[in-house]
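Following: one structure in structure tokens, then a few remarks.
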Amino acid sequence: MSSKLYFRTFLRTADPDYDTEADSSFIKANFTDRFGIFLQQPGNANIFTFDKLIRNFWNNPNFNLQIFAVADGCFITYLPDIPWFNNHLRFLAVVTPKNKEPFDTWTILIVGSKHVTNEQAFLQVASWDDSPNVNQFRFYGKDNIQHPGQPLDENEFGWTYQGKSSQAFDDATSYLGPFNGHVNGAVIMKELQKPWYHWSSGFIPTFTSCFSPEETASFSAANAPYLTGGSFFSNVSDAQALQTNIIEIGVTKWYDQRCANAFLLNSGLVHNNPVPIKRWMAHFLLTTTINIVTSLPDSSTAGRYFMPNDHIYNSEMLGLGQFSKFLPDLTNINFTFTDDNYAKVVQELDLVLMQEYDPTVYNITTYRTFKTPDGTLGGGKQTAMYNQHDFVAMQSGEGPKLPFVILQGSLEDAQGAKEIQPIVDSGPQKGLSLLSQSTLYAIFMIDFWNPVYSWRRGVLMQYVPETTTYNSSTEKYDLEDVFIGNIKKSTYSTDPTSPEYQFLELLTTDLRTMQSRISFYARAIQKRLKTYNGLLDHMKLVECRRRIYRPLPLDEFGYTLPYALKYDGSVLIEMTGTGVTQPIPARGVTWLNDWRGTLWGNNPQLIPVGTSQSQNGTSQTPAAGLIGISTTETTRPTPARARGTRQDTPQILAPHPLPARTKSSGCPFARTPKSSSRDHEFSIPSQHLISTNPTWADDISPLFAQPYWLPAGEREKVGSDWIAAMQYWGANVDLSTFEDVKTKAIPIYTHLAARSMPLTDDPSHYFPDEALEIFRAWVNQGCRKTLQDPIVERIIIPTPSEPVVKLRIRKDLRNLTPTELQEYRAKIDDVLGAGLLNSKWQELGFLHAEWCLHYQEATFLWHRAYLRYVEELIDFPIPYWNCFATDTSDPNSPFAGLPKEYLEESYTHPNGETRKNPLKYALSLDGLSKTKKSPYVTRYPVLVDGASSPGWDHKIHLFQKYQEQIKSALAKPTFSYPMSVTQQQGLPFGTPWANLPAFLDDQPDDDYPYRALNFDGAFEQPHDNYHGWVGPDMADNAYTAFDPVFLNFHANLDRIVESYIRSNPGLTFTSNYPLRPFTSMATSLDYREPREFMYTTIGDMAKPTQAIGYMYALPASPDSLNLQEMRARKNPLPFRVGTTPAAAGLGGHSTNRPVTAVTPVAQEKRVPYVIFTDVVCSTQSYQIDVFVQNAASLVPDPVTNQGYIGRLTILGMGPEKAEKGQLRGRDRCGAPEQRSVRILEAERVSEALEGGENIGLKQVVTDLGSGEVVEEKEWRQWKGFEGKLVLGNKEDSIR
């Protein structure tokens, strides 16, 4: 034992913090508080247990002693058969002089483990130093002494001085050591509001039921009389007294002194340049600390609860007297929810209280156990628990009668705001504040709906200067002027979606308008909370905020916060002013990751480091051009990984009693393990928890019946469909019965891993990796039915040596998350170099211009290969722009026209930089657009101008025609004329002809065989129309692939082509036809390969997309024709083409089993068409609009102009380029002799024709390159440009 005293040095590296013996001068300068003086008295430096320390003050007439108890596991009743249970009980003792209230003079706060007599248990002290002009806490810890450069001696203990409150704001010590928990230097209580969640109080009458018999005995009057008097635990005070009499007073006392230290001179006047201003503004703009609170029951209505107002807005801060005028009158609005809905939500989210444990010590079989992602518990050097992955679910819910556990704004942030508004309460500068009322209200209003962890307020921190200057003439500080001026200089200040723009707008918004918005929001919340779905959304929001907090300090125990097992957290969400949640945009996600990523590392930075471009609107240094902002970069930590094994009880997490690291754990103050770090930067945990002891009842049956990874509203129906499909097609494999799944477990796993189960068209249905791992664990543990069954370990399914089949999932552009969209843009930017000459982007544009195949069987499969190649380059699934969606043809739809993703000026790169949007600013061919007016690709002005353009409605209505043309193409019974047919007709060998002339010019009208027209020819017509619709670059084949729209547009066409092919399993293809220049299944190119068989073929690309490596996710909005229903009706197999599971090892029914199929319905009604024959491949692009002769106008609008029949676009291919005397892209348009047929349906004139009227046609031909109308006498000379009106019979295979 040593009577020496030490001071601790905290490092911002992975190296262990170290201790130095305190000499007499250090002790004289720092051990000035009452506890420091106590330690200097003989023998006291050797007191290393809570019991011995407390007995110095208990039953002593010179002192007042109050003791409080907190146990994060207090809701769990102790059971003798769960030896791993740890209630995480700690004690807080408050010592003051006799007849003195806390903080009237010196005050000592002692925190200790439940192991009150054990020297290895942690013991820490916060001591209020009331010395003149000091008035701050000094922090001490009993710990193993770490000598610099020496190994740790587990048996050497000592008391270390760890700092004082004011050091919480020093660069060297901020957020380190005690300030990792006491972030602002104050004493803390993280459950500071009624009902004092986790604390011994009247609201938790069963608090002591979590004690073991041994613990109960150790706390008896005989062993711990300071805890137990006349009755057990009777000397433990109620937590309410801790809040009101101690914590609130202690915070106020320190903040008063802190404000005086920062702003006031001895003369009583203010400092001219106070610092650190950013730490004061952080109370408004950041969440520096949090408080945990729960809902309370409504005493007037059984089964109803009041939600804490702080979940809705920051009532902790806005409830202060000087800010109370900001809020509207909300006295008649109560935020309540019912117990019935709450119980359903708890079940839906599988909300539990769970505890960390060590699976190498405890083999838990009767409780559910899980592996969780990094960051489930608090990280950083102080807690070292970020990599605790193993947890056991101890109890469902959040604690009896205490639902809806939320994180709210803290007392500390509210007190910080109060101190500076105003700074001075008396004297000549009375009323001086840092912010004016208008600026203050604008800050309150920005993201009002998200009281904690608001990225929108957080990004404004970068505009706060390091200091501020007092202007004696204006009698105010210039903080506000500089702050607002910096924001105005940001490029974000002109973006209406940015917090910068919104803040500036709020500066001129009157209070009544703000209050009106708040009232609307509050009423919307009140209404939604009364519904199950509304409460579910709020519980998801609460869980999202809890997960943002989880990796941060003070989340030390599994029980600290409930955990929603069925909430994956892959998308961060935020509240909006309409009372509904939405995904946090990419900029916000990046900011949160950047900020929080440091807080659980070795070099934590509470004030966001200004080097992240996600925080600003510049592309240089974040402070470029801004006043008073430091541009010094701060290096983020990259420490080495070390597994933390902290515990505060001997039998948990270690096989032997009281492991060495127990001493530094479990404290609501600071803890300092000797080394801890991580080898990766923080990112939001997104994967589902992996059950490590699964059972049929709890885990496996729900995987099939209610797959957790699907949206809640879809799970039951999808699961039912899976089960029914497998019962029918899979040898009576009944996924709903335990015995059947157990018997066939191995082939089921094999098919699940191979993505041949479940039978589905939706890639989101496939089992994620963690679900497969749960199933594998279940099999290897003996296929337990319930938790009561024993685990029988045997490796039946070994750890996969091959990775699970990974498919790229092409999502609807609308369904991309903000992060996915920015990543896709970054791929176009970084990998392809869309904004650069001599780039891969330019090569791809020329590749399409010179090699693409059109007007033949290979057309759409060549483009499939092209997309596959691009996708391989960027290693990211190409999203599709669904112009086949019904709502895209409605001019009033927000999704009409070009998607906004192509029109936005800039985007936030994943590295934080603000860059030009490559989907808009992509260089055209050789850096000059088709119009010759811009280096970038151009689109028609009406699409750029949007709904304000005069031609908007007409332009959007055209989609109705195009979508009808697609539906017509999907009705065709054949894909194309393959090579064998063309050879029979005497056409050149090796040329697969598509859409050959099906009609002769002199063919009788009533013999027009529409049913003989092929899919590819009919489909190429709307393909060309869409190209011409976007233009001008998209309207010319030589330019079209330089426009990023091309990729997403063709991905959608490929989606439709895939549906057609899979819906018609009997289609015939020229399988061996080469798709030059693609090789290796279109993953590479070879422009000069002479061996034809080396190229990717039509047969390769006609395979199901899963075989090629990708699938399509379902569209965000319904297609004009439900493609899934079409496939189900036309395909005799239920979901997929090819072999049934029976053929692959599960056994099963014959595919000839009778099924209900759609029979083609012949329609006898004669239908008019406009036929264009002899359509040929051209070098220029044209659009042909067809009207009846007597049309009232020549406006091409199928909705407003009844005389308009439709549009045919002839997409110019551009000139072919030669290389070494040979055309590179030969056969792009088939053979020179090839002629194609195009048709337009003209049903609107059918009655007139049948009535014998002589209906003539009028055509307007436009050169898409110049935009000029071609004279009739000119276009009539061209082949394929003159339409002919005929009548014929229509056979439609889809009804």
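Ordering of the structure tokens sets the chain letters (A, B, ...); residue numbers start at 1 within each chain; ligands are numbered from 1 in the order shown.
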
*Residues at most 7 Å from segment 937-942 of chain A, counting only C-alpha atoms, excluding those fewer than 3 positions away in the same chain, as a VMD selection string?*
chain A and resid 922 to 924 929 945 to 946 949 951 to 952 1030 to 1033 1042 to 1043

*Residue neighbourhood Phe179 of chain A, 6 Å, only C-alpha atoms, exclusion window fewer than 4 positions, as a VMD selection string*: chain A and resid 168 175 183

I'd like a table as JSON lines: residues in segment 277-339 of chain A with an atom no more than 9 Å from segment 509-533 of chain A, each row giving the shortest atom pair and its distance in Å to one decimal, only C-alpha atoms counted, sorted by chain and rising residue number.
{"residue": "A:Ile312", "atom": "CA", "partner": "A:Ala522", "partner_atom": "CA", "distance": 7.7}
{"residue": "A:Phe326", "atom": "CA", "partner": "A:Leu511", "partner_atom": "CA", "distance": 7.2}
{"residue": "A:Leu327", "atom": "CA", "partner": "A:Gln515", "partner_atom": "CA", "distance": 6.3}
{"residue": "A:Pro328", "atom": "CA", "partner": "A:Gln515", "partner_atom": "CA", "distance": 5.2}
{"residue": "A:Asp329", "atom": "CA", "partner": "A:Ser519", "partner_atom": "CA", "distance": 8.2}
{"residue": "A:Leu330", "atom": "CA", "partner": "A:Ser519", "partner_atom": "CA", "distance": 7.3}
{"residue": "A:Ile333", "atom": "CA", "partner": "A:Arg523", "partner_atom": "CA", "distance": 7.0}
{"residue": "A:Asn334", "atom": "CA", "partner": "A:Gln526", "partner_atom": "CA", "distance": 6.7}
{"residue": "A:Phe335", "atom": "CA", "partner": "A:Gln526", "partner_atom": "CA", "distance": 5.2}
{"residue": "A:Thr336", "atom": "CA", "partner": "A:Leu529", "partner_atom": "CA", "distance": 6.5}
{"residue": "A:Phe337", "atom": "CA", "partner": "A:Lys530", "partner_atom": "CA", "distance": 5.4}
{"residue": "A:Thr338", "atom": "CA", "partner": "A:Lys530", "partner_atom": "CA", "distance": 7.1}

Please produce an output containing all heavy atoms for each residue in the selection, written as a JSON list (two decimals), in the first residue's frame.
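What follows is the written file out.json:
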[["chain", "number", "residue", "atom", "x", "y", "z"],
["A", 312, "ILE", "N", -40.80, 15.98, -28.05],
["A", 312, "ILE", "CA", -41.44, 16.77, -29.10],
["A", 312, "ILE", "C", -40.64, 18.04, -29.38],
["A", 312, "ILE", "O", -40.46, 18.44, -30.52],
["A", 312, "ILE", "CB", -42.88, 17.14, -28.69],
["A", 312, "ILE", "CG1", -43.63, 15.90, -28.18],
["A", 312, "ILE", "CG2", -43.63, 17.78, -29.84],
["A", 312, "ILE", "CD1", -43.72, 14.77, -29.18],
["A", 326, "PHE", "N", -41.25, 32.45, -26.30],
["A", 326, "PHE", "CA", -41.08, 31.90, -27.65],
["A", 326, "PHE", "C", -42.17, 30.90, -28.00],
["A", 326, "PHE", "O", -42.68, 30.90, -29.13],
["A", 326, "PHE", "CB", -39.70, 31.22, -27.75],
["A", 326, "PHE", "CG", -39.50, 30.49, -29.04],
["A", 326, "PHE", "CD1", -39.25, 31.19, -30.23],
["A", 326, "PHE", "CD2", -39.56, 29.11, -29.10],
["A", 326, "PHE", "CE1", -39.06, 30.53, -31.42],
["A", 326, "PHE", "CE2", -39.38, 28.43, -30.29],
["A", 326, "PHE", "CZ", -39.13, 29.14, -31.45],
["A", 327, "LEU", "N", -42.58, 30.09, -27.06],
["A", 327, "LEU", "CA", -43.54, 29.03, -27.35],
["A", 327, "LEU", "C", -44.96, 29.59, -27.42],
["A", 327, "LEU", "O", -45.32, 30.50, -26.68],
["A", 327, "LEU", "CB", -43.48, 27.94, -26.28],
["A", 327, "LEU", "CG", -42.27, 27.02, -26.29],
["A", 327, "LEU", "CD1", -42.33, 26.09, -25.08],
["A", 327, "LEU", "CD2", -42.20, 26.20, -27.57],
["A", 328, "PRO", "N", -45.80, 29.01, -28.30],
["A", 328, "PRO", "CA", -47.23, 29.35, -28.26],
["A", 328, "PRO", "C", -47.87, 28.67, -27.06],
["A", 328, "PRO", "O", -47.23, 27.88, -26.35],
["A", 328, "PRO", "CB", -47.75, 28.75, -29.58],
["A", 328, "PRO", "CG", -46.84, 27.59, -29.84],
["A", 328, "PRO", "CD", -45.48, 28.02, -29.34],
["A", 329, "ASP", "N", -49.10, 28.97, -26.83],
["A", 329, "ASP", "CA", -49.84, 28.34, -25.73],
["A", 329, "ASP", "C", -50.18, 26.91, -26.13],
["A", 329, "ASP", "O", -50.99, 26.66, -27.02],
["A", 329, "ASP", "CB", -51.12, 29.14, -25.44],
["A", 329, "ASP", "CG", -51.87, 28.58, -24.24],
["A", 329, "ASP", "OD1", -51.37, 27.62, -23.62],
["A", 329, "ASP", "OD2", -52.97, 29.08, -23.95],
["A", 330, "LEU", "N", -49.53, 25.95, -25.44],
["A", 330, "LEU", "CA", -49.76, 24.53, -25.74],
["A", 330, "LEU", "C", -50.46, 23.82, -24.59],
["A", 330, "LEU", "O", -50.46, 22.59, -24.52],
["A", 330, "LEU", "CB", -48.42, 23.84, -26.03],
["A", 330, "LEU", "CG", -47.60, 24.38, -27.21],
["A", 330, "LEU", "CD1", -46.25, 23.66, -27.29],
["A", 330, "LEU", "CD2", -48.35, 24.23, -28.52],
["A", 333, "ILE", "N", -52.84, 21.03, -25.39],
["A", 333, "ILE", "CA", -52.34, 19.93, -26.21],
["A", 333, "ILE", "C", -51.56, 18.98, -25.32],
["A", 333, "ILE", "O", -50.56, 19.36, -24.71],
["A", 333, "ILE", "CB", -51.44, 20.45, -27.35],
["A", 333, "ILE", "CG1", -52.24, 21.36, -28.29],
["A", 333, "ILE", "CG2", -50.83, 19.29, -28.13],
["A", 333, "ILE", "CD1", -51.42, 21.93, -29.43],
["A", 334, "ASN", "N", -52.05, 17.76, -25.23],
["A", 334, "ASN", "CA", -51.38, 16.73, -24.46],
["A", 334, "ASN", "C", -50.91, 15.63, -25.40],
["A", 334, "ASN", "O", -51.66, 15.19, -26.28],
["A", 334, "ASN", "CB", -52.32, 16.12, -23.41],
["A", 334, "ASN", "CG", -52.66, 17.12, -22.31],
["A", 334, "ASN", "OD1", -51.79, 17.82, -21.83],
["A", 334, "ASN", "ND2", -53.93, 17.18, -21.92],
["A", 335, "PHE", "N", -49.70, 15.21, -25.21],
["A", 335, "PHE", "CA", -49.14, 14.17, -26.06],
["A", 335, "PHE", "C", -49.31, 12.83, -25.35],
["A", 335, "PHE", "O", -48.52, 12.47, -24.47],
["A", 335, "PHE", "CB", -47.67, 14.46, -26.34],
["A", 335, "PHE", "CG", -47.44, 15.83, -26.92],
["A", 335, "PHE", "CD1", -46.79, 16.81, -26.20],
["A", 335, "PHE", "CD2", -47.89, 16.14, -28.19],
["A", 335, "PHE", "CE1", -46.58, 18.07, -26.73],
["A", 335, "PHE", "CE2", -47.68, 17.41, -28.73],
["A", 335, "PHE", "CZ", -47.03, 18.37, -28.00],
["A", 336, "THR", "N", -50.36, 12.14, -25.69],
["A", 336, "THR", "CA", -50.70, 10.90, -24.99],
["A", 336, "THR", "C", -50.76, 9.73, -25.97],
["A", 336, "THR", "O", -50.99, 9.89, -27.16],
["A", 336, "THR", "CB", -52.04, 11.02, -24.27],
["A", 336, "THR", "OG1", -53.09, 11.26, -25.24],
["A", 336, "THR", "CG2", -52.03, 12.16, -23.27],
["A", 337, "PHE", "N", -50.58, 8.53, -25.42],
["A", 337, "PHE", "CA", -50.73, 7.30, -26.20],
["A", 337, "PHE", "C", -51.32, 6.24, -25.28],
["A", 337, "PHE", "O", -51.29, 6.37, -24.05],
["A", 337, "PHE", "CB", -49.40, 6.84, -26.79],
["A", 337, "PHE", "CG", -48.32, 6.58, -25.77],
["A", 337, "PHE", "CD1", -48.13, 5.31, -25.23],
["A", 337, "PHE", "CD2", -47.48, 7.60, -25.35],
["A", 337, "PHE", "CE1", -47.13, 5.06, -24.31],
["A", 337, "PHE", "CE2", -46.46, 7.37, -24.42],
["A", 337, "PHE", "CZ", -46.30, 6.10, -23.89],
["A", 338, "THR", "N", -51.85, 5.20, -25.88],
["A", 338, "THR", "CA", -52.53, 4.17, -25.10],
["A", 338, "THR", "C", -51.63, 2.97, -24.86],
["A", 338, "THR", "O", -50.73, 2.68, -25.65],
["A", 338, "THR", "CB", -53.81, 3.69, -25.81],
["A", 338, "THR", "OG1", -53.45, 3.03, -27.02],
["A", 338, "THR", "CG2", -54.72, 4.86, -26.11]]

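Every protein or nucleic acid residue with an atom no more than 9 Å from Lys916 of chain A, counting only C-alpha atoms and leaving out same-chain residues fewer than 3 positions away, appears here: Gly835, Glu904, Glu905, Ser906, Tyr907, Thr908, Leu919, Lys920 and Tyr921 of chain A.
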
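Take the candidates A:Asp256, A:Asp81, A:Asp143, A:Asp478 and check each one against Asn272 of chain A using only C-alpha atoms; the shortest distance goes to A:Asp478.
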
*For Phe263 of chain A: contacts at 9 Å, only C-alpha atoms, fewer than 6 positions along chain excluded, given as a list in words*: Leu269, Val270, His271, Asn272, Asn273, Pro274, Val275, Ile423 and Val424 of chain A

Export of the given selection (all heavy atoms) as a PDB file, in the first residue's frame:
ATOM      1  N   LEU A 269     -17.153  44.630 -15.126  1.00  0.00           N
ATOM      2  CA  LEU A 269     -17.427  44.830 -16.540  1.00  0.00           C
ATOM      3  C   LEU A 269     -17.062  43.559 -17.315  1.00  0.00           C
ATOM      4  O   LEU A 269     -16.409  42.652 -16.795  1.00  0.00           O
ATOM      5  CB  LEU A 269     -16.655  46.028 -17.069  1.00  0.00           C
ATOM      6  CG  LEU A 269     -16.971  47.374 -16.407  1.00  0.00           C
ATOM      7  CD1 LEU A 269     -16.096  48.483 -16.997  1.00  0.00           C
ATOM      8  CD2 LEU A 269     -18.463  47.721 -16.564  1.00  0.00           C
ATOM      9  N   VAL A 270     -17.448  43.492 -18.579  1.00  0.00           N
ATOM     10  CA  VAL A 270     -17.230  42.270 -19.342  1.00  0.00           C
ATOM     11  C   VAL A 270     -15.896  42.295 -20.062  1.00  0.00           C
ATOM     12  O   VAL A 270     -15.340  43.352 -20.365  1.00  0.00           O
ATOM     13  CB  VAL A 270     -18.365  42.058 -20.386  1.00  0.00           C
ATOM     14  CG1 VAL A 270     -19.697  41.863 -19.712  1.00  0.00           C
ATOM     15  CG2 VAL A 270     -18.420  43.211 -21.384  1.00  0.00           C
ATOM     16  N   HIS A 271     -15.370  41.102 -20.346  1.00  0.00           N
ATOM     17  CA  HIS A 271     -14.165  40.959 -21.151  1.00  0.00           C
ATOM     18  C   HIS A 271     -14.427  41.476 -22.562  1.00  0.00           C
ATOM     19  O   HIS A 271     -15.526  41.305 -23.104  1.00  0.00           O
ATOM     20  CB  HIS A 271     -13.769  39.479 -21.255  1.00  0.00           C
ATOM     21  CG  HIS A 271     -13.035  38.971 -20.070  1.00  0.00           C
ATOM     22  ND1 HIS A 271     -11.752  39.343 -19.766  1.00  0.00           N
ATOM     23  CD2 HIS A 271     -13.418  38.087 -19.104  1.00  0.00           C
ATOM     24  CE1 HIS A 271     -11.367  38.711 -18.667  1.00  0.00           C
ATOM     25  NE2 HIS A 271     -12.356  37.948 -18.239  1.00  0.00           N
ATOM     26  N   ASN A 272     -13.414  42.065 -23.155  1.00  0.00           N
ATOM     27  CA  ASN A 272     -13.551  42.501 -24.554  1.00  0.00           C
ATOM     28  C   ASN A 272     -13.533  41.330 -25.522  1.00  0.00           C
ATOM     29  O   ASN A 272     -14.185  41.360 -26.564  1.00  0.00           O
ATOM     30  CB  ASN A 272     -12.438  43.486 -24.910  1.00  0.00           C
ATOM     31  CG  ASN A 272     -12.673  44.854 -24.301  1.00  0.00           C
ATOM     32  OD1 ASN A 272     -13.815  45.229 -24.027  1.00  0.00           O
ATOM     33  ND2 ASN A 272     -11.593  45.593 -24.076  1.00  0.00           N
ATOM     34  N   ASN A 273     -12.780  40.270 -25.200  1.00  0.00           N
ATOM     35  CA  ASN A 273     -12.648  39.123 -26.103  1.00  0.00           C
ATOM     36  C   ASN A 273     -12.743  37.816 -25.318  1.00  0.00           C
ATOM     37  O   ASN A 273     -11.742  37.126 -25.106  1.00  0.00           O
ATOM     38  CB  ASN A 273     -11.317  39.164 -26.868  1.00  0.00           C
ATOM     39  CG  ASN A 273     -11.195  40.361 -27.772  1.00  0.00           C
ATOM     40  OD1 ASN A 273     -10.508  41.326 -27.443  1.00  0.00           O
ATOM     41  ND2 ASN A 273     -11.864  40.321 -28.911  1.00  0.00           N
ATOM     42  N   PRO A 274     -13.926  37.450 -24.894  1.00  0.00           N
ATOM     43  CA  PRO A 274     -14.076  36.229 -24.090  1.00  0.00           C
ATOM     44  C   PRO A 274     -13.895  34.970 -24.938  1.00  0.00           C
ATOM     45  O   PRO A 274     -14.197  34.954 -26.131  1.00  0.00           O
ATOM     46  CB  PRO A 274     -15.509  36.333 -23.568  1.00  0.00           C
ATOM     47  CG  PRO A 274     -16.217  37.138 -24.612  1.00  0.00           C
ATOM     48  CD  PRO A 274     -15.205  38.132 -25.120  1.00  0.00           C
ATOM     49  N   VAL A 275     -13.426  33.908 -24.318  1.00  0.00           N
ATOM     50  CA  VAL A 275     -13.297  32.591 -24.949  1.00  0.00           C
ATOM     51  C   VAL A 275     -13.668  31.543 -23.898  1.00  0.00           C
ATOM     52  O   VAL A 275     -13.604  31.825 -22.700  1.00  0.00           O
ATOM     53  CB  VAL A 275     -11.851  32.344 -25.460  1.00  0.00           C
ATOM     54  CG1 VAL A 275     -11.520  33.246 -26.626  1.00  0.00           C
ATOM     55  CG2 VAL A 275     -10.837  32.519 -24.328  1.00  0.00           C
ATOM     56  N   ILE A 423     -25.923  37.766 -20.103  1.00  0.00           N
ATOM     57  CA  ILE A 423     -24.659  37.505 -19.418  1.00  0.00           C
ATOM     58  C   ILE A 423     -24.607  38.248 -18.091  1.00  0.00           C
ATOM     59  O   ILE A 423     -24.162  37.710 -17.073  1.00  0.00           O
ATOM     60  CB  ILE A 423     -23.467  37.933 -20.312  1.00  0.00           C
ATOM     61  CG1 ILE A 423     -23.459  37.128 -21.610  1.00  0.00           C
ATOM     62  CG2 ILE A 423     -22.148  37.795 -19.571  1.00  0.00           C
ATOM     63  CD1 ILE A 423     -22.509  37.685 -22.649  1.00  0.00           C
ATOM     64  N   VAL A 424     -25.073  39.483 -18.108  1.00  0.00           N
ATOM     65  CA  VAL A 424     -24.959  40.367 -16.944  1.00  0.00           C
ATOM     66  C   VAL A 424     -26.354  40.640 -16.398  1.00  0.00           C
ATOM     67  O   VAL A 424     -27.269  41.019 -17.132  1.00  0.00           O
ATOM     68  CB  VAL A 424     -24.265  41.697 -17.326  1.00  0.00           C
ATOM     69  CG1 VAL A 424     -24.068  42.556 -16.086  1.00  0.00           C
ATOM     70  CG2 VAL A 424     -22.931  41.419 -18.008  1.00  0.00           C
TER      71      VAL A 424
END

*asked:* So that I can check the surroundings of Lys98 of chain A, please list as an NGL selection string every protein, DNA and RNA residue that reaches within 8 Å of it, counting only C-alpha atoms and ignoring chain neighbours fewer than 2 positions away.
replied: :A and (61-64 or 96 or 100)

_Give me, as an MDAnalysis selection string, all polymer residues having an atom no more than 8 Å from Leu351 of chain A, counting only C-alpha atoms and skipping those fewer than 4 positions away in the same chain._
chainID A and resid 346:347 396:398 562:566

*Find the residues near Pro132 of chain A: any atom within 12 Å, counting only C-alpha atoms, skip ones fewer than 4 places away on the same chain, and give them as a PyMOL selection string.*
chain A and resi 32-33+105-106+136+257

Write the residues of the preceding selection, restricted to N, CA, C and O atoms, as a PDB file, in the first residue's frame.
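Writing the result to out13.pdb gives the following:
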ATOM      1  N   THR A  32      -6.792  21.546  -2.973  1.00  0.00           N
ATOM      2  CA  THR A  32      -7.231  22.645  -2.116  1.00  0.00           C
ATOM      3  C   THR A  32      -8.664  22.486  -1.629  1.00  0.00           C
ATOM      4  O   THR A  32      -9.118  23.230  -0.767  1.00  0.00           O
ATOM      5  N   ASP A  33      -9.380  21.537  -2.192  1.00  0.00           N
ATOM      6  CA  ASP A  33     -10.771  21.301  -1.804  1.00  0.00           C
ATOM      7  C   ASP A  33     -10.822  20.440  -0.552  1.00  0.00           C
ATOM      8  O   ASP A  33      -9.797  19.930  -0.082  1.00  0.00           O
ATOM      9  N   THR A 105     -21.392  25.487   0.943  1.00  0.00           N
ATOM     10  CA  THR A 105     -19.961  25.477   1.233  1.00  0.00           C
ATOM     11  C   THR A 105     -19.397  24.245   0.543  1.00  0.00           C
ATOM     12  O   THR A 105     -19.956  23.779  -0.450  1.00  0.00           O
ATOM     13  N   TRP A 106     -18.274  23.700   1.062  1.00  0.00           N
ATOM     14  CA  TRP A 106     -17.713  22.531   0.380  1.00  0.00           C
ATOM     15  C   TRP A 106     -18.711  21.374   0.365  1.00  0.00           C
ATOM     16  O   TRP A 106     -19.506  21.201   1.288  1.00  0.00           O
ATOM     17  N   GLN A 136     -15.508  25.406  -8.178  1.00  0.00           N
ATOM     18  CA  GLN A 136     -15.603  24.386  -9.215  1.00  0.00           C
ATOM     19  C   GLN A 136     -15.299  23.027  -8.616  1.00  0.00           C
ATOM     20  O   GLN A 136     -14.842  22.923  -7.478  1.00  0.00           O
ATOM     21  N   GLN A 257     -20.285  30.386 -11.996  1.00  0.00           N
ATOM     22  CA  GLN A 257     -18.859  30.680 -11.902  1.00  0.00           C
ATOM     23  C   GLN A 257     -18.193  30.597 -13.274  1.00  0.00           C
ATOM     24  O   GLN A 257     -17.337  31.421 -13.616  1.00  0.00           O
TER      25      GLN A 257
END

*Calculate how many Å separate atom CA of Tyr6 of chain A from atom CA of Gln150 of chain A, rounding to one decimal.*
15.7 Å

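Between Ser454 of chain A and the candidates A:Lys933, A:Arg1207, A:Lys1258, A:Arg587, the tightest atom-to-atom separation, counting only C-alpha atoms, involves A:Arg587.
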
*asked:* Which residue is closest to Leu861 of chain A? Choose from A:Lys190, A:Lys371, A:Lys1103, A:Lys381 and count only C-alpha atoms.
replied: A:Lys1103
